[in-house]
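Next up, data.txt (compact mmCIF, C-alpha atoms):
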```txt
# COMPACT_ATOMS: atom_id res chain seq x y z
CA MET A 1 167.40 74.13 122.80
CA THR A 2 164.04 72.93 121.54
CA ALA A 3 162.55 73.03 118.06
CA PHE A 4 160.43 75.98 119.14
CA ASP A 5 163.60 77.90 120.04
CA PHE A 6 164.96 77.25 116.54
CA PHE A 7 161.78 78.51 114.92
CA GLU A 8 161.71 81.59 117.17
CA VAL A 9 165.22 82.53 116.04
CA LEU A 10 164.28 81.98 112.40
CA ARG A 11 161.18 84.15 112.86
CA ARG A 12 163.32 87.06 114.07
CA PHE A 13 165.39 87.21 110.88
CA GLY A 14 163.92 89.05 107.92
CA ALA A 15 162.59 87.21 104.88
CA ASP A 16 165.50 88.45 102.77
CA VAL A 17 168.07 87.05 105.21
CA LEU A 18 166.23 83.71 105.44
CA LEU A 19 166.03 83.32 101.67
CA LEU A 20 169.67 84.26 101.22
CA ALA A 21 170.61 81.87 104.05
CA PHE A 22 168.96 79.03 102.16
CA GLY A 23 171.22 79.80 99.20
CA VAL A 24 174.22 80.07 101.53
CA THR A 25 173.38 76.64 102.96
CA LEU A 26 173.22 75.10 99.49
CA VAL A 27 176.45 76.70 98.28
CA THR A 28 178.27 75.77 101.49
CA SER A 29 177.12 72.16 101.15
CA LEU A 30 178.24 72.04 97.52
CA VAL A 31 181.67 73.47 98.35
CA LYS A 32 182.10 71.03 101.25
CA ARG A 33 181.21 68.10 98.99
CA ALA A 34 183.29 69.29 96.02
CA LEU A 35 186.39 70.12 98.06
CA PRO A 36 186.31 67.86 101.13
CA LYS A 37 190.08 67.92 101.69
CA ARG A 38 190.42 71.67 101.28
CA VAL A 39 187.38 72.47 103.40
CA SER A 40 188.31 70.75 106.63
CA GLY A 41 186.37 71.18 109.87
CA LYS A 42 188.04 74.50 110.70
CA ALA A 43 187.48 76.13 107.33
CA GLY A 44 184.00 74.68 107.04
CA VAL A 45 182.94 76.47 110.21
CA PHE A 46 183.53 79.88 108.69
CA LEU A 47 182.16 79.19 105.19
CA PRO A 48 178.49 79.96 105.98
CA PHE A 49 179.49 83.30 107.46
CA LEU A 50 181.83 84.16 104.59
CA PHE A 51 179.21 83.23 101.99
CA GLY A 52 176.53 84.97 104.06
CA ILE A 53 178.46 88.24 103.99
CA LEU A 54 179.19 87.90 100.27
CA PHE A 55 175.59 87.02 99.37
CA TYR A 56 174.13 89.76 101.54
CA ALA A 57 176.56 92.37 100.18
CA ALA A 58 175.68 91.41 96.60
CA TYR A 59 171.97 91.51 97.44
CA ARG A 60 172.26 94.96 99.06
CA MET A 61 174.32 96.28 96.13
CA ILE A 62 171.64 95.11 93.69
CA ALA A 63 168.83 96.48 95.89
CA THR A 64 170.44 99.92 96.26
CA GLY A 65 171.92 100.04 92.77
CA GLY A 66 175.37 101.02 93.94
CA PHE A 67 178.30 100.43 96.23
CA ALA A 68 176.87 102.18 99.31
CA PRO A 69 176.46 98.86 101.21
CA LEU A 70 180.24 98.40 100.95
CA THR A 71 181.12 101.91 102.03
CA SER A 72 178.74 103.93 104.19
CA GLY A 73 176.53 100.95 105.01
CA ILE A 74 179.27 98.40 105.70
CA LEU A 75 178.22 97.72 109.30
CA SER A 76 174.65 97.01 108.27
CA THR A 77 175.92 94.78 105.47
CA LEU A 78 178.19 92.84 107.83
CA GLU A 79 175.37 92.47 110.34
CA GLY A 80 172.99 91.15 107.68
CA GLY A 81 175.71 88.87 106.31
CA PHE A 82 176.42 87.48 109.76
CA GLY A 83 172.67 86.93 110.14
CA CYS A 84 172.68 84.97 106.87
CA GLY A 85 175.54 82.82 108.14
CA SER A 86 173.77 82.25 111.44
CA ALA A 87 170.50 81.32 109.74
CA ALA A 88 172.37 79.01 107.35
CA THR A 89 173.96 77.29 110.33
CA ILE A 90 170.52 76.90 111.91
CA TYR A 91 169.21 75.41 108.64
CA TYR A 92 172.05 72.91 108.75
CA VAL A 93 171.24 71.95 112.33
CA LEU A 94 167.53 71.58 111.51
CA TYR A 95 168.42 69.36 108.57
CA GLU A 96 170.67 67.20 110.76
CA GLN A 97 168.07 66.84 113.52
CA PHE A 98 164.89 66.37 111.55
CA PHE A 99 165.92 64.81 108.24
CA ARG A 100 169.05 62.82 108.95
CA GLY A 101 167.98 61.86 112.46
CA LYS A 102 171.32 62.88 113.89
CA THR A 103 171.19 64.78 117.17
CA CYS A 104 173.11 67.97 116.69
CA SER A 105 173.61 70.99 118.91
CA PRO A 106 173.11 74.36 117.24
CA LEU A 107 176.76 75.08 118.05
CA ALA A 108 178.15 71.85 116.59
CA PRO A 109 178.99 73.30 113.16
CA LEU A 110 180.92 76.13 114.80
CA LEU A 111 182.86 73.77 117.04
CA GLU A 112 184.06 71.43 114.27
CA GLY A 113 187.84 71.56 114.08
CA ILE A 114 188.05 73.42 117.39
CA VAL A 115 186.79 70.80 119.85
CA GLU A 116 187.34 67.03 119.77
CA GLU A 117 184.37 65.15 118.31
CA GLU A 118 183.86 63.16 121.53
CA ARG A 119 183.61 66.32 123.65
CA MET A 120 181.62 68.45 121.21
CA GLU A 121 178.23 67.87 122.82
CA GLU A 122 179.68 68.55 126.28
CA ALA A 123 181.27 71.80 125.08
CA ALA A 124 178.08 72.88 123.30
CA ASN A 125 176.00 72.22 126.42
CA ALA A 126 178.47 74.15 128.59
CA LEU A 127 178.27 77.10 126.20
CA LEU A 128 174.48 77.05 125.86
CA GLU A 129 173.72 76.55 129.53
CA GLY A 130 176.45 78.82 130.88
CA SER A 131 175.61 81.68 128.53
CA LYS A 132 172.09 82.11 129.89
CA GLY A 133 173.26 84.44 132.67
CA VAL A 134 175.87 86.30 130.61
CA ASP A 135 175.29 89.77 129.17
CA GLY A 136 175.17 89.78 125.36
CA GLU A 137 178.25 91.96 124.97
CA GLU A 138 180.28 89.64 127.18
CA LEU A 139 179.42 86.44 125.29
CA PRO A 140 182.63 86.31 123.18
CA ALA A 141 184.78 86.51 126.33
CA PHE A 142 182.60 83.89 128.01
CA ALA A 143 182.91 81.65 124.93
CA ALA A 144 186.72 81.98 124.99
CA GLU A 145 186.88 80.96 128.66
CA THR A 146 184.47 78.08 128.19
CA LEU A 147 186.08 76.73 125.00
CA ALA A 148 189.66 76.77 126.32
CA PRO A 149 189.43 73.48 128.27
CA PHE A 150 187.70 71.74 125.34
CA ALA A 151 190.06 72.97 122.58
CA LEU A 152 192.04 70.52 120.49
CA PRO A 153 195.62 70.06 121.68
CA GLY A 154 197.98 72.32 119.76
CA LEU A 155 195.22 74.60 118.50
CA PRO A 156 196.73 78.06 117.99
CA GLN A 157 195.36 80.72 120.34
CA GLU A 158 194.43 82.91 117.37
CA GLU A 159 192.11 80.21 115.99
CA LEU A 160 190.58 79.63 119.40
CA ALA A 161 190.03 83.39 119.83
CA LEU A 162 188.41 83.67 116.40
CA ALA A 163 186.18 80.66 117.06
CA ALA A 164 185.20 82.14 120.44
CA LEU A 165 184.28 85.40 118.71
CA PHE A 166 182.02 83.56 116.25
CA VAL A 167 180.48 81.39 118.96
CA GLY A 168 179.87 84.39 121.23
CA ASN A 169 178.24 86.39 118.45
CA TYR A 170 176.23 83.34 117.39
CA LEU A 171 174.92 82.93 120.95
CA LYS A 172 174.04 86.61 120.91
CA ALA A 173 172.20 86.17 117.58
CA LEU A 174 170.29 83.20 119.01
CA ARG A 175 169.02 85.48 121.77
CA THR A 176 168.19 88.57 119.78
CA GLY A 177 167.66 87.29 116.26
```
Since I need it in another form, could you write the structure as structure tokens?
Amino acid sequence: MTAFDFFEVLRRFGADVLLLAFGVTLVTSLVKRALPKRVSGKAGVFLPFLFGILFYAAYRMIATGGFAPLTSGILSTLEGGFGCGSAATIYYVLYEQFFRGKTCSPLAPLLEGIVEEERMEEAANALLEGSKGVDGEELPAFAAETLAPFALPGLPQEELALAALFVGNYLKALRTG
């Protein structure tokens, strides 16, 4: 994935999601620094998405002046929140590549705690390259199959399945924005 691909994905998100994602990135970084032992690799993977959903829900509740985003508009709220988490993850990757000089796959933050550090780049490349011919709706199943050989020994199947769901949906978001 090139820098232009990153910027194309960012262009597809709305301004509200991108601004909220910046806040999500900052809060996630602060939490990871303040609680490094509690926020291990596995938990840290899901933080941007959790904070993204919370931030986006709060934003939509303020914008609509009620609780409709949590009731009748819950799917739209979850979609926007997942977009915030995805954009926050992209911000993190951009920061790692351009400011810290560390080469980082866009999937690396999602694979922390799921795949061994030494095999992370290999797993990310297999996911990115192999997903090009896969239909968007089938990406989570593809991610589960692809991640299985790279998973940490003793990783519970439930965690692997959840990580595959996030990775599959993230790959789908990278395509559609």
Non-local contacts of A:Leu147 (10 Å; all atoms listed in the file; under 4 positions in same chain excluded) as a compact mmCIF listing (two decimals) with C-alpha atoms, in the coordinates of the input:
```txt
# COMPACT_ATOMS: atom_id res chain seq x y z
CA LEU A 111 182.86 73.77 117.04
CA ILE A 114 188.05 73.42 117.39
CA VAL A 115 186.79 70.80 119.85
CA ALA A 123 181.27 71.80 125.08
CA ALA A 124 178.08 72.88 123.30
CA ALA A 126 178.47 74.15 128.59
CA LEU A 127 178.27 77.10 126.20
CA ALA A 141 184.78 86.51 126.33
CA PHE A 142 182.60 83.89 128.01
CA ALA A 143 182.91 81.65 124.93
CA ALA A 151 190.06 72.97 122.58
CA LEU A 152 192.04 70.52 120.49
CA LEU A 160 190.58 79.63 119.40
CA ALA A 161 190.03 83.39 119.83
CA ALA A 163 186.18 80.66 117.06
CA ALA A 164 185.20 82.14 120.44
CA VAL A 167 180.48 81.39 118.96
```
Of the candidates A:Thr77, A:Thr89, A:Ser105, A:Gln157, which shows the shortest atom-to-atom distance to A:Glu122, using only C-alpha atoms?
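Nearest candidate to A:Glu122 out of A:Thr77, A:Thr89, A:Ser105, A:Gln157: A:Ser105.
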Need the neighbours of (167.7, 82.1, 105.3): which residues are at most 7 Å away, counting all atoms listed in the file, as a list in words?
Val17, Leu18, Leu19, Leu20, Ala21, Phe22, Cys84, Ala87 and Ala88 of chain A
Restricting the output to C-alpha atoms, write the selected residues as a PDB file, keeping the file's coordinate frame.
```pdb
ATOM      1  CA  VAL A  17     168.070  87.050 105.210  1.00  0.00           C
ATOM      2  CA  LEU A  18     166.230  83.710 105.440  1.00  0.00           C
ATOM      3  CA  LEU A  19     166.030  83.320 101.670  1.00  0.00           C
ATOM      4  CA  LEU A  20     169.670  84.260 101.220  1.00  0.00           C
ATOM      5  CA  ALA A  21     170.610  81.870 104.050  1.00  0.00           C
ATOM      6  CA  PHE A  22     168.960  79.030 102.160  1.00  0.00           C
ATOM      7  CA  CYS A  84     172.680  84.970 106.870  1.00  0.00           C
ATOM      8  CA  ALA A  87     170.500  81.320 109.740  1.00  0.00           C
ATOM      9  CA  ALA A  88     172.370  79.010 107.350  1.00  0.00           C
TER      10      ALA A  88
END
```
Rounded to one decimal in Å, what is the spacing between atom CA of A:Leu35 and atom CA of A:Gly23?
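Interatomic distance here is 18.0 Å.
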So how many Å separate atom CA of A:Ala144 and atom CA of A:Gly73, to one decimal?
29.4 Å
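Straight-line separation from atom CA of A:Pro36 to atom CA of A:Pro48: 15.2 Å.
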Among listed residues A:Phe166, A:Ile74, A:Glu159, A:Leu47, nearest A:Thr28 (using all atoms listed in the file)
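Answer, going by the shortest atom-to-atom distance: A:Leu47.
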For stretch 128-143 of chain A, which lacks atoms in the input, supply N, CA and C atoms and format the output as a PDB file, in the coordinates of the input.
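Now in out00.pdb:
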```pdb
ATOM      1  N   LEU A 128     175.894  76.676 125.875  1.00  0.00           N
ATOM      2  CA  LEU A 128     174.480  77.050 125.860  1.00  0.00           C
ATOM      3  C   LEU A 128     173.936  77.308 127.256  1.00  0.00           C
ATOM      4  N   GLU A 129     174.242  76.403 128.171  1.00  0.00           N
ATOM      5  CA  GLU A 129     173.720  76.550 129.530  1.00  0.00           C
ATOM      6  C   GLU A 129     174.400  77.691 130.280  1.00  0.00           C
ATOM      7  N   GLY A 130     175.707  77.796 130.160  1.00  0.00           N
ATOM      8  CA  GLY A 130     176.450  78.820 130.880  1.00  0.00           C
ATOM      9  C   GLY A 130     176.203  80.225 130.369  1.00  0.00           C
ATOM     10  N   SER A 131     175.796  80.347 129.113  1.00  0.00           N
ATOM     11  CA  SER A 131     175.610  81.680 128.530  1.00  0.00           C
ATOM     12  C   SER A 131     174.289  82.324 128.929  1.00  0.00           C
ATOM     13  N   LYS A 132     173.412  81.569 129.548  1.00  0.00           N
ATOM     14  CA  LYS A 132     172.090  82.110 129.890  1.00  0.00           C
ATOM     15  C   LYS A 132     172.176  83.305 130.836  1.00  0.00           C
ATOM     16  N   GLY A 133     173.143  83.328 131.729  1.00  0.00           N
ATOM     17  CA  GLY A 133     173.260  84.440 132.670  1.00  0.00           C
ATOM     18  C   GLY A 133     174.292  85.481 132.270  1.00  0.00           C
ATOM     19  N   VAL A 134     174.799  85.403 131.044  1.00  0.00           N
ATOM     20  CA  VAL A 134     175.870  86.300 130.610  1.00  0.00           C
ATOM     21  C   VAL A 134     175.278  87.402 129.728  1.00  0.00           C
ATOM     22  N   ASP A 135     175.714  88.634 129.972  1.00  0.00           N
ATOM     23  CA  ASP A 135     175.290  89.770 129.170  1.00  0.00           C
ATOM     24  C   ASP A 135     175.724  89.555 127.720  1.00  0.00           C
ATOM     25  N   GLY A 136     174.905  89.988 126.773  1.00  0.00           N
ATOM     26  CA  GLY A 136     175.170  89.780 125.360  1.00  0.00           C
ATOM     27  C   GLY A 136     176.512  90.271 124.880  1.00  0.00           C
ATOM     28  N   GLU A 137     176.968  91.391 125.400  1.00  0.00           N
ATOM     29  CA  GLU A 137     178.250  91.960 124.970  1.00  0.00           C
ATOM     30  C   GLU A 137     179.432  91.163 125.516  1.00  0.00           C
ATOM     31  N   GLU A 138     179.206  90.388 126.551  1.00  0.00           N
ATOM     32  CA  GLU A 138     180.280  89.640 127.180  1.00  0.00           C
ATOM     33  C   GLU A 138     180.339  88.177 126.703  1.00  0.00           C
ATOM     34  N   LEU A 139     179.470  87.827 125.761  1.00  0.00           N
ATOM     35  CA  LEU A 139     179.420  86.440 125.290  1.00  0.00           C
ATOM     36  C   LEU A 139     180.707  85.975 124.608  1.00  0.00           C
ATOM     37  N   PRO A 140     181.376  86.788 123.766  1.00  0.00           N
ATOM     38  CA  PRO A 140     182.630  86.310 123.180  1.00  0.00           C
ATOM     39  C   PRO A 140     183.691  85.971 124.230  1.00  0.00           C
ATOM     40  N   ALA A 141     183.813  86.800 125.266  1.00  0.00           N
ATOM     41  CA  ALA A 141     184.780  86.510 126.330  1.00  0.00           C
ATOM     42  C   ALA A 141     184.382  85.252 127.090  1.00  0.00           C
ATOM     43  N   PHE A 142     183.086  85.103 127.351  1.00  0.00           N
ATOM     44  CA  PHE A 142     182.600  83.890 128.010  1.00  0.00           C
ATOM     45  C   PHE A 142     182.901  82.661 127.152  1.00  0.00           C
ATOM     46  N   ALA A 143     182.658  82.771 125.838  1.00  0.00           N
ATOM     47  CA  ALA A 143     182.910  81.650 124.930  1.00  0.00           C
ATOM     48  C   ALA A 143     184.392  81.272 124.931  1.00  0.00           C
TER      49      ALA A 143
END
```
